[in-house]
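Enquirer: Here you go, this is upload.cif (mmCIF, C-alpha atoms).
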data_upload
#
loop_
_atom_site.label_atom_id
_atom_site.label_comp_id
_atom_site.auth_asym_id
_atom_site.auth_seq_id
_atom_site.Cartn_x
_atom_site.Cartn_y
_atom_site.Cartn_z
CA MET A 1 4.75 21.95 -1.99
CA CYS A 2 4.05 21.11 -5.63
CA ASP A 3 1.53 19.51 -7.97
CA PRO A 4 1.19 15.72 -7.69
CA GLU A 5 2.29 15.41 -11.32
CA GLN A 6 5.66 16.92 -10.34
CA THR A 7 6.00 14.58 -7.39
CA LEU A 8 5.18 11.59 -9.60
CA ARG A 9 7.84 12.58 -12.15
CA ARG A 10 10.38 12.75 -9.35
CA ILE A 11 9.58 9.47 -7.61
CA ARG A 12 8.73 7.22 -10.57
CA PRO A 13 12.37 6.46 -11.54
CA LEU A 14 13.05 5.46 -7.91
CA LEU A 15 10.19 2.96 -7.56
CA PRO A 16 12.10 -0.10 -8.91
CA ARG A 17 14.85 0.47 -6.34
CA MET A 18 12.27 -0.05 -3.61
CA GLY A 19 10.69 -3.05 -5.31
CA ILE A 20 7.47 -1.32 -6.39
CA THR A 21 6.49 -3.22 -9.54
CA ARG A 22 3.05 -1.88 -10.34
CA LEU A 23 0.77 1.12 -9.84
CA ALA A 24 -2.72 -0.25 -10.47
CA ASP A 25 -5.91 1.70 -11.13
CA VAL A 26 -8.72 0.03 -9.14
CA THR A 27 -11.17 2.94 -9.36
CA TRP A 28 -13.28 1.11 -11.94
CA LEU A 29 -13.99 -1.81 -9.59
CA ASP A 30 -16.52 0.42 -7.80
CA ASP A 31 -19.17 2.73 -9.20
CA ILE A 32 -18.34 5.83 -7.15
CA GLY A 33 -15.60 7.15 -9.42
CA VAL A 34 -13.27 8.72 -6.84
CA PRO A 35 -9.75 7.74 -7.99
CA VAL A 36 -8.17 4.88 -6.02
CA TYR A 37 -4.83 3.24 -6.88
CA GLN A 38 -2.71 0.44 -5.46
CA ALA A 39 1.07 0.18 -5.31
CA VAL A 40 2.33 -3.40 -5.47
CA ARG A 41 5.63 -4.35 -3.77
CA PRO A 42 5.87 -8.16 -3.84
CA ASN A 43 8.97 -8.47 -1.63
CA SER A 44 7.62 -6.30 1.17
CA TYR A 45 8.60 -7.23 4.72
CA LEU A 46 5.09 -6.39 5.91
CA MET A 47 2.34 -5.67 3.37
CA SER A 48 2.83 -6.08 -0.35
CA VAL A 49 -0.11 -3.87 -1.43
CA SER A 50 -0.56 -0.22 -0.45
CA GLN A 51 -3.51 2.03 -1.27
CA GLY A 52 -3.85 5.63 -2.37
CA LYS A 53 -6.75 7.95 -3.08
CA GLY A 54 -7.36 11.52 -4.15
CA LEU A 55 -9.53 13.96 -6.01
CA SER A 56 -7.55 13.35 -9.20
CA ARG A 57 -5.81 10.39 -10.80
CA ALA A 58 -2.37 11.91 -10.13
CA HIS A 59 -3.22 12.45 -6.46
CA ALA A 60 -4.27 8.81 -6.09
CA ILE A 61 -1.18 7.43 -7.85
CA VAL A 62 1.18 9.52 -5.72
CA SER A 63 -0.76 8.63 -2.57
CA ALA A 64 -0.40 4.89 -3.22
CA ALA A 65 3.25 5.10 -4.22
CA MET A 66 4.21 7.25 -1.23
CA GLU A 67 2.46 4.91 1.21
CA SER A 68 4.47 2.01 -0.16
CA ILE A 69 7.66 4.11 -0.02
CA GLU A 70 6.99 4.98 3.63
CA SER A 71 6.58 1.32 4.52
CA TRP A 72 9.77 0.37 2.66
CA HIS A 73 11.71 2.81 4.82
CA ALA A 74 10.05 1.72 8.08
CA GLU A 75 10.85 -1.92 7.30
CA ARG A 76 14.54 -0.99 7.25
CA VAL A 77 15.09 1.10 10.37
CA GLY A 78 17.84 -1.32 11.42
CA GLU A 79 18.98 -2.23 14.91
CA GLY A 80 19.03 1.34 16.17
CA ASP A 81 21.81 3.55 17.50
CA LEU A 82 22.11 2.23 21.05
CA VAL A 83 21.28 -0.79 23.20
CA ALA A 84 20.54 -0.04 26.85
CA THR A 85 17.99 -0.83 29.53
CA ALA A 86 14.90 1.27 30.02
CA GLY A 87 16.14 2.22 33.47
CA GLU A 88 19.42 3.54 32.07
CA VAL A 89 17.84 5.73 29.37
CA GLU A 90 14.43 6.84 30.66
CA PRO A 91 15.73 9.32 33.29
CA ASP A 92 17.33 11.35 30.47
CA LEU A 93 14.20 11.42 28.31
CA ALA A 94 11.69 14.26 28.36
CA TYR A 95 8.83 11.74 28.40
CA ARG A 96 7.85 8.51 30.15
CA LEU A 97 7.96 5.24 28.23
CA ASP A 98 4.49 4.30 29.47
CA GLU A 99 3.17 7.34 27.57
CA LEU A 100 3.81 5.41 24.35
CA THR A 101 1.34 2.79 23.07
CA LEU A 102 2.25 -0.39 24.94
CA ALA A 103 1.27 -3.91 23.92
CA PRO A 104 -1.54 -5.39 26.06
CA ARG A 105 0.81 -7.79 27.89
CA HIS A 106 4.13 -5.99 27.64
CA TYR A 107 7.27 -6.68 29.62
CA LEU A 108 8.45 -3.07 29.96
CA ASN A 109 10.39 -2.65 33.19
CA PRO A 110 13.58 -0.83 34.23
CA ALA A 111 15.71 -3.90 33.45
CA ALA A 112 14.27 -4.43 29.96
CA LYS A 113 17.06 -4.11 27.40
CA LEU A 114 15.87 -2.04 24.44
CA ARG A 115 17.20 -0.84 21.12
CA TRP A 116 17.10 2.95 20.79
CA THR A 117 16.99 5.23 17.74
CA ARG A 118 17.92 8.91 17.62
CA ALA A 119 15.05 11.39 17.37
CA ARG A 120 14.58 15.12 17.80
CA HIS A 121 12.04 17.29 19.55
CA LEU A 122 9.84 18.94 16.95
CA LEU A 123 9.63 22.36 18.60
CA GLY A 124 12.80 22.53 20.66
CA GLY A 125 15.07 20.70 18.24
CA GLU A 126 17.00 18.88 20.99
CA GLU A 127 18.16 15.34 20.28
CA THR A 128 16.59 12.46 22.17
CA LEU A 129 15.93 8.73 21.83
CA VAL A 130 12.92 6.62 20.90
CA PRO A 131 12.64 2.83 21.34
CA THR A 132 13.42 1.27 17.98
CA ASP A 133 10.61 -1.24 18.45
CA VAL A 134 8.12 1.66 18.18
CA LEU A 135 9.44 2.40 14.69
CA ASP A 136 10.33 -1.01 13.25
CA LEU A 137 7.82 -2.44 10.75
CA ASP A 138 9.92 -5.43 9.65
CA GLY A 139 7.32 -8.19 9.85
CA ARG A 140 9.46 -11.07 8.61
CA ILE A 141 9.51 -14.32 10.54
CA THR A 142 12.82 -14.98 12.27
CA ASP A 143 14.19 -17.72 14.52
CA ARG A 144 14.39 -15.29 17.42
CA TRP A 145 11.37 -14.59 19.60
CA ARG A 146 10.99 -11.22 21.26
CA PRO A 147 8.38 -10.67 23.98
CA PRO A 148 5.91 -7.87 23.27
CA LEU A 149 6.72 -4.30 24.17
CA PHE A 150 5.01 -1.68 22.04
CA VAL A 151 2.09 -1.82 19.59
CA LYS A 152 3.37 -2.23 16.04
CA SER A 153 1.71 0.26 13.70
CA SER A 154 2.40 2.85 11.03
CA ASN A 155 0.74 5.60 13.08
CA GLY A 156 2.68 8.83 12.42
CA LEU A 157 4.64 7.42 9.47
CA ALA A 158 4.55 9.74 6.45
CA SER A 159 6.46 11.04 3.45
CA GLY A 160 6.51 14.29 1.52
CA ASN A 161 8.24 16.48 -1.03
CA ILE A 162 10.21 18.06 1.84
CA LEU A 163 10.79 16.84 5.38
CA ASP A 164 8.44 19.40 6.97
CA GLU A 165 5.64 18.17 4.71
CA ALA A 166 6.28 14.57 5.77
CA VAL A 167 6.38 15.50 9.46
CA LEU A 168 3.16 17.53 9.22
CA HIS A 169 1.37 14.66 7.49
CA GLY A 170 2.54 12.27 10.22
CA LEU A 171 1.51 14.68 12.98
CA TYR A 172 -1.99 15.07 11.52
CA GLU A 173 -2.35 11.28 11.53
CA VAL A 174 -1.33 10.93 15.18
CA ILE A 175 -3.78 13.70 16.17
CA GLU A 176 -6.57 12.14 14.10
CA ARG A 177 -6.11 8.68 15.63
CA ASP A 178 -5.98 10.13 19.12
CA ALA A 179 -9.38 11.73 18.47
CA LEU A 180 -10.72 8.46 17.06
CA THR A 181 -9.47 6.47 20.06
CA ARG A 182 -11.07 8.90 22.51
CA ALA A 183 -14.39 8.76 20.64
CA GLY A 184 -14.45 4.98 20.20
CA ASN A 185 -17.21 3.34 18.18
CA GLY A 186 -20.05 4.72 20.25
CA PRO A 187 -22.62 7.34 19.29
CA VAL A 188 -21.59 10.92 18.53
CA ARG A 189 -23.23 14.14 19.65
CA HIS A 190 -23.90 15.55 16.20
CA LEU A 191 -23.44 14.45 12.63
CA VAL A 192 -22.38 17.11 10.13
CA ASP A 193 -25.29 18.43 8.07
CA SER A 194 -24.16 17.50 4.57
CA ARG A 195 -26.42 20.21 3.12
CA THR A 196 -24.13 22.83 4.69
CA VAL A 197 -20.90 21.33 3.32
CA ASP A 198 -19.27 23.38 0.58
CA GLY A 199 -16.00 23.25 -1.32
CA GLU A 200 -14.50 20.00 -2.56
CA SER A 201 -16.10 18.10 0.32
CA GLY A 202 -19.51 19.23 -0.86
CA GLU A 203 -18.69 17.97 -4.35
CA LEU A 204 -17.69 14.61 -2.89
CA PHE A 205 -21.02 14.32 -1.07
CA ARG A 206 -22.77 15.01 -4.38
CA ARG A 207 -20.72 12.37 -6.22
CA LEU A 208 -21.54 9.81 -3.55
CA ARG A 209 -25.26 10.60 -3.73
CA ASP A 210 -25.20 10.33 -7.53
CA ALA A 211 -23.59 6.88 -7.18
CA GLY A 212 -26.34 5.72 -4.82
CA VAL A 213 -24.06 5.81 -1.78
CA ASP A 214 -25.24 7.15 1.57
CA ALA A 215 -22.57 9.20 3.37
CA ALA A 216 -22.35 10.75 6.81
CA ALA A 217 -19.57 12.50 8.70
CA ASP A 218 -19.10 13.50 12.30
CA LEU A 219 -16.63 15.86 13.90
CA LEU A 220 -14.54 14.05 16.50
CA PRO A 221 -13.62 16.21 19.50
CA SER A 222 -9.85 16.56 19.66
CA PRO A 223 -7.98 18.05 22.62
CA THR A 224 -5.85 19.90 20.06
CA GLY A 225 -8.88 21.70 18.63
CA LEU A 226 -7.99 20.68 15.07
CA PRO A 227 -10.84 19.56 12.78
CA CYS A 228 -10.89 15.73 12.82
CA PHE A 229 -13.65 14.08 10.81
CA ARG A 230 -14.86 10.49 10.62
CA ALA A 231 -16.78 9.63 7.46
CA ARG A 232 -19.00 6.58 6.93
CA ILE A 233 -20.43 5.33 3.63
CA ILE A 234 -22.84 2.52 2.70
CA SER A 235 -24.94 1.56 -0.33
CA ASP A 236 -27.43 -1.08 -1.40
CA SER A 237 -24.86 -2.54 -3.82
CA PHE A 238 -22.42 -3.10 -0.92
CA PRO A 239 -24.45 -2.75 2.30
CA VAL A 240 -21.51 -2.58 4.70
CA VAL A 241 -20.28 0.56 6.44
CA PHE A 242 -16.82 1.75 5.42
CA VAL A 243 -15.02 4.38 7.48
CA GLY A 244 -12.44 7.06 6.73
CA MET A 245 -10.63 9.65 8.84
CA GLY A 246 -9.14 13.06 8.12
CA CYS A 247 -7.44 15.86 10.06
CA HIS A 248 -6.22 19.27 8.91
CA PHE A 249 -6.33 22.92 9.93
CA ASP A 250 -8.58 23.48 6.89
CA ARG A 251 -11.96 21.81 7.54
CA ASP A 252 -12.55 21.19 3.84
CA VAL A 253 -9.24 19.35 3.45
CA ALA A 254 -9.90 17.33 6.60
CA LEU A 255 -13.37 16.23 5.46
CA CYS A 256 -12.11 15.48 1.94
CA ARG A 257 -9.51 13.17 3.41
CA ALA A 258 -12.10 11.37 5.52
CA LEU A 259 -14.52 10.86 2.63
CA THR A 260 -11.90 9.72 0.14
CA GLU A 261 -10.40 7.35 2.72
CA ALA A 262 -13.82 5.75 3.23
CA VAL A 263 -14.10 5.28 -0.54
CA GLN A 264 -10.57 3.86 -0.62
CA SER A 265 -11.43 1.36 2.12
CA ARG A 266 -14.44 0.16 0.16
CA VAL A 267 -12.56 -0.20 -3.14
CA THR A 268 -9.71 -1.98 -1.35
CA THR A 269 -12.15 -4.54 0.03
CA ILE A 270 -13.75 -5.02 -3.38
CA ALA A 271 -10.31 -5.52 -4.98
CA GLY A 272 -9.38 -8.06 -2.30
CA THR A 273 -5.66 -7.81 -3.02
CA ARG A 274 -4.47 -6.14 0.18
CA ASP A 275 -2.70 -8.64 2.41
CA ASP A 276 -4.96 -8.18 5.44
CA VAL A 277 -8.35 -8.18 3.64
CA THR A 278 -10.60 -11.01 4.81
CA GLY A 279 -14.03 -12.21 3.72
CA ASP A 280 -15.79 -10.84 6.82
CA ARG A 281 -17.28 -7.82 5.07
CA PHE A 282 -18.61 -9.92 2.19
CA VAL A 283 -20.25 -12.31 4.66
CA ARG A 284 -21.81 -9.31 6.41
CA ALA A 285 -22.99 -7.85 3.10
CA GLU A 286 -24.60 -11.15 2.15
CA GLY A 287 -26.41 -11.28 5.47
CA ILE A 288 -27.84 -7.79 4.95
CA SER A 289 -28.78 -8.43 1.32
CA SER A 290 -30.59 -11.65 2.27
CA GLY A 291 -32.51 -9.90 5.03
CA ARG A 292 -30.99 -11.97 7.85
CA VAL A 293 -29.26 -8.85 9.22
CA SER A 294 -30.63 -5.31 9.36
CA ARG A 295 -28.99 -2.72 7.14
CA PRO A 296 -27.07 -0.16 9.25
CA ASP A 297 -28.54 3.32 9.44
CA LEU A 298 -25.86 6.01 9.36
CA ALA A 299 -28.04 8.33 11.44
CA GLN A 300 -28.05 5.85 14.32
CA TRP A 301 -24.62 7.01 15.48
CA SER A 302 -25.93 10.46 16.40
CA THR A 303 -27.42 11.15 19.82
CA GLY A 304 -28.35 14.73 18.95
CA ASP A 305 -31.39 16.05 17.15
CA VAL A 306 -29.68 19.06 15.60
CA PRO A 307 -27.01 18.33 12.99
CA LEU A 308 -23.76 20.29 13.06
CA SER A 309 -23.37 22.98 10.44
CA PHE A 310 -20.11 22.63 8.51
CA VAL A 311 -19.56 26.39 8.58
CA ASP A 312 -19.48 26.27 12.39
CA VAL A 313 -16.38 24.07 12.35
CA GLU A 314 -13.30 26.23 12.95
CA SER A 315 -11.06 26.38 9.89
CA ARG A 316 -7.69 28.04 9.50
CA ARG A 317 -5.27 28.60 6.64
CA HIS A 318 -1.66 29.59 7.17
CA GLY A 319 0.97 30.85 4.80
CA THR A 320 3.49 28.02 4.97
CA ILE A 321 3.83 24.35 5.85
CA ALA A 322 6.38 25.34 8.50
CA GLU A 323 3.77 27.52 10.22
CA ASP A 324 1.20 24.72 10.11
CA LEU A 325 3.75 22.35 11.60
CA ARG A 326 4.77 24.69 14.41
CA LEU A 327 1.19 25.50 15.39
CA ALA A 328 0.09 21.86 15.29
CA GLY A 329 3.07 20.89 17.43
CA GLU A 330 2.26 23.62 19.94
CA LEU A 331 -1.34 22.41 20.19
CA VAL A 332 -0.15 18.88 20.94
CA GLN A 333 2.37 20.13 23.49
CA ALA A 334 -0.27 22.29 25.19
CA HIS A 335 -2.41 19.19 25.74
CA THR A 336 0.20 16.55 26.58
CA GLY A 337 2.96 18.67 28.09
CA ARG A 338 5.33 16.85 25.70
CA ASP A 339 7.15 18.14 22.66
CA PRO A 340 6.33 15.79 19.73
CA LEU A 341 9.23 13.60 18.63
CA VAL A 342 10.44 13.20 15.05
CA VAL A 343 12.55 10.39 13.60
CA ASP A 344 13.98 11.10 10.15
CA HIS A 345 13.88 7.90 8.04
CA THR A 346 15.12 9.66 4.88
CA ARG A 347 17.86 7.69 3.11
CA PRO A 348 20.49 9.58 1.10
CA ASP A 349 20.52 6.88 -1.61
CA ILE A 350 16.77 7.38 -2.21
CA GLY A 351 16.30 11.06 -1.33
CA ILE A 352 12.56 10.97 -0.61
CA PRO A 353 11.78 12.60 2.76
CA VAL A 354 10.19 10.08 5.16
CA ALA A 355 9.55 10.69 8.85
CA ARG A 356 7.92 9.07 11.85
CA VAL A 357 6.15 11.28 14.39
CA VAL A 358 5.75 10.01 17.96
CA CYS A 359 3.59 11.96 20.42
CA PRO A 360 3.91 10.72 24.01
CA GLY A 361 0.63 11.38 25.78
CA LEU A 362 -1.63 11.01 22.76
CA VAL A 363 -3.55 7.73 22.69
CA PHE A 364 -3.99 5.14 19.94
CA ASN A 365 -6.13 2.03 19.65
CA PRO A 366 -5.17 0.06 16.51
CA ASP A 367 -8.40 -1.94 16.69
CA LEU A 368 -10.36 1.17 15.69
CA VAL A 369 -8.35 1.90 12.54
#
Take the structure in the file and give it back as structure tokens.

Expert:
Amino acid sequence: MCDPEQTLRRIRPLLPRMGITRLADVTWLDDIGVPVYQAVRPNSYLMSVSQGKGLSRAHAIVSAAMESIESWHAERVGEGDLVATAGEVEPDLAYRLDELTLAPRHYLNPAAKLRWTRARHLLGGEETLVPTDVLDLDGRITDRWRPPLFVKSSNGLASGNILDEAVLHGLYEVIERDALTRAGNGPVRHLVDSRTVDGESGELFRRLRDAGVDAAADLLPSPTGLPCFRARIISDSFPVVFVGMGCHFDRDVALCRALTEAVQSRVTTIAGTRDDVTGDRFVRAEGISSGRVSRPDLAQWSTGDVPLSFVDVESRRHGTIAEDLRLAGELVQAHTGRDPLVVDHTRPDIGIPVARVVCPGLVFNPDLV
């Protein structure tokens, strides 16, 4: 909707109200040069460090700040709008509760008493309900134990300059992770031929090569037909594979997101300040550097002999964000038979649009993210 510099001017005065104390440039910790920033929120209820990346410094700063802002909102969804059993509410829903991502050993049954939060159908606009536990990212320890129900994740959580932008961003993420879950970690049919990649994605491949980093990307089949890319990077200086994902109607935007996310993942590990970073990747890197473990070959994930030409990937550009959102929603509905659900987390006292998109029927495995 606007340049990232404009977004940054708007949100910067609001950051202290959400406890964001620092926007840190960690680009220089790596030798790739793609801008990566961190937003630090010490009193977070879940993760105190969020990451952001982009093709410019302003993009990366806004990306990090908005991710932290999204989490701040999701940590404060409250107790919901209604308490009722699954059996009482489910008959009035336009979806089945088992179409959501359930915990491995959940206790969902008709007598289970749940908290419910108001939502709306993306395409139809009708009001509905979503289990609050799907939305709640408050990770604080309490003296009350709750048995598992749904997988806790930020899948579909996004922010934007306007609500439609936030919802579209969240919808892309749900579609992308559905494609990743369906593909798994196994081999892919074709890797993208990086020599055919143009636009900003082509420039990113060049920057990675110049930095001594090997990069490969594959197109993940999505039932929606949208371009969903998975990018992998590795180098001799840090011989561990880092992965990024991206989805967008425009193939160049989608691949850019995947490549920059892979770079972000690598820089985040090098920085070591994110709450969930462990030493596993450094142990693996030491094993490869010492020769005890073989260095991964990015080409090994392909089962095909002929690489995929980037120009053969369908790419579309539409006039407005609203059109993108409607078409993406229709593609999801055509596959699942369900209208995507939207929960508006925007708070009047903050004024930054934040939304959570829930797509019953699309799948998600958090272990792959």

Enquirer: Using only C-alpha atoms, determine which residues lie at most 9 Å from Arg96 in chain A, disregarding the query and same-chain residues fewer than 6 positions distant; provide the list as a PyMOL selection string.

Expert: chain A and resi 90+360-361

Enquirer: Output the residue selection produced by the PyMOL selection byres ((chain A and resi 166) around 10) on the file above, formatted as a list in words.

Expert: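 Answer for the PyMOL selection byres ((chain A and resi 166) around 10): Glu70, Gly156, Leu157, Ala158, Ser159, Gly160, Asn161, Ile162, Leu163, Asp164, Glu165, Val167, Leu168, His169, Gly170, Leu171, Asp344, Ile352, Pro353, Val354, Ala355, Arg356 and Val357 of chain A.
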
Enquirer: One decimal, in Å: what's the spacing between CA of Arg232 in chain A and CA of Ala262 in chain A?

Expert: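 It comes out at 6.4 Å.
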
Enquirer: Write out as a list in words the residues lying within 10 Å of Glu127 in chain A, counting only C-alpha atoms and excluding same-chain residues fewer than 4 positions away.

Expert: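 Here the qualifying residues turn out to be Leu93, Arg118, Ala119, Arg120, His121, Leu122, Leu341 and Val342 of chain A.
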
Enquirer: If you keep C-alpha atoms, can you produce a file of those selected residues as a tab-separated table (two decimals), in the frame of the given file?

Expert:
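Final output, saved to out-v6.tsv:
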chain	number	residue	atom	x	y	z
A	93	LEU	CA	14.20	11.42	28.31
A	118	ARG	CA	17.92	8.91	17.62
A	119	ALA	CA	15.05	11.39	17.37
A	120	ARG	CA	14.58	15.12	17.80
A	121	HIS	CA	12.04	17.29	19.55
A	122	LEU	CA	9.84	18.94	16.95
A	341	LEU	CA	9.23	13.60	18.63
A	342	VAL	CA	10.44	13.20	15.05

Enquirer: Would you mind listing what lies within 10 Å of Glu88 in chain A as a compact mmCIF listing (two decimals) with C-alpha atoms, in the coordinates of the input, with only C-alpha atoms counted and same-chain residues fewer than 5 positions away left out?

Expert:
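Saved as result_0.txt:
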# COMPACT_ATOMS: atom_id res chain seq x y z
CA PRO A 110 13.58 -0.83 34.23
CA ALA A 111 15.71 -3.90 33.45
CA ALA A 112 14.27 -4.43 29.96
CA LYS A 113 17.06 -4.11 27.40

Enquirer: Hey, can you check how far CA of Ser44 in chain A sits from CA of Arg230 in chain A?

Expert: 29.6 Å

Enquirer: Taking (-16.8, -4.6, -2.7) in the file's coordinates as the center, which residues reach within 8 Å of it, counting only C-alpha atoms, put as a list of chain:residue names?

Expert: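 Residues lying no farther than 8 Å from the given point: A:Leu29, A:Asp30, A:Phe238, A:Arg266, A:Val267, A:Thr268, A:Thr269, A:Ile270, A:Ala271, A:Phe282.
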
Enquirer: Only C-alpha atoms, please: the residues just picked out, written as a compact mmCIF listing (two decimals), in the frame of the given file.

Expert:
# COMPACT_ATOMS: atom_id res chain seq x y z
CA LEU A 29 -13.99 -1.81 -9.59
CA ASP A 30 -16.52 0.42 -7.80
CA PHE A 238 -22.42 -3.10 -0.92
CA ARG A 266 -14.44 0.16 0.16
CA VAL A 267 -12.56 -0.20 -3.14
CA THR A 268 -9.71 -1.98 -1.35
CA THR A 269 -12.15 -4.54 0.03
CA ILE A 270 -13.75 -5.02 -3.38
CA ALA A 271 -10.31 -5.52 -4.98
CA PHE A 282 -18.61 -9.92 2.19

Enquirer: When distances are computed from only C-alpha atoms, which of A:Asp198, A:Ser309, A:Val369, A:Ser289 shows the smallest separation from Phe242 in chain A?

Expert: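 So, comparing all the options, the nearest one is A:Val369.
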
Enquirer: Apply the PyMOL selection byres ((chain A and resi 173-187) around 8) to the structure shown and report the selected residues as an NGL selection string.

Expert: :A and (155-156 or 169-172 or 188-189 or 220-224 or 228 or 230 or 245-247 or 300-303 or 332 or 357-359 or 362-365 or 368-369)

Enquirer: Using all atoms listed in the file, pick whichever of A:Ile233, A:Leu123, A:Asp250, A:Gln264 has the shortest atom-to-atom distance to Ala334 in chain A.

Expert: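 Comparing A:Ile233, A:Leu123, A:Asp250, A:Gln264 against Ala334 in chain A, the winner is A:Leu123.
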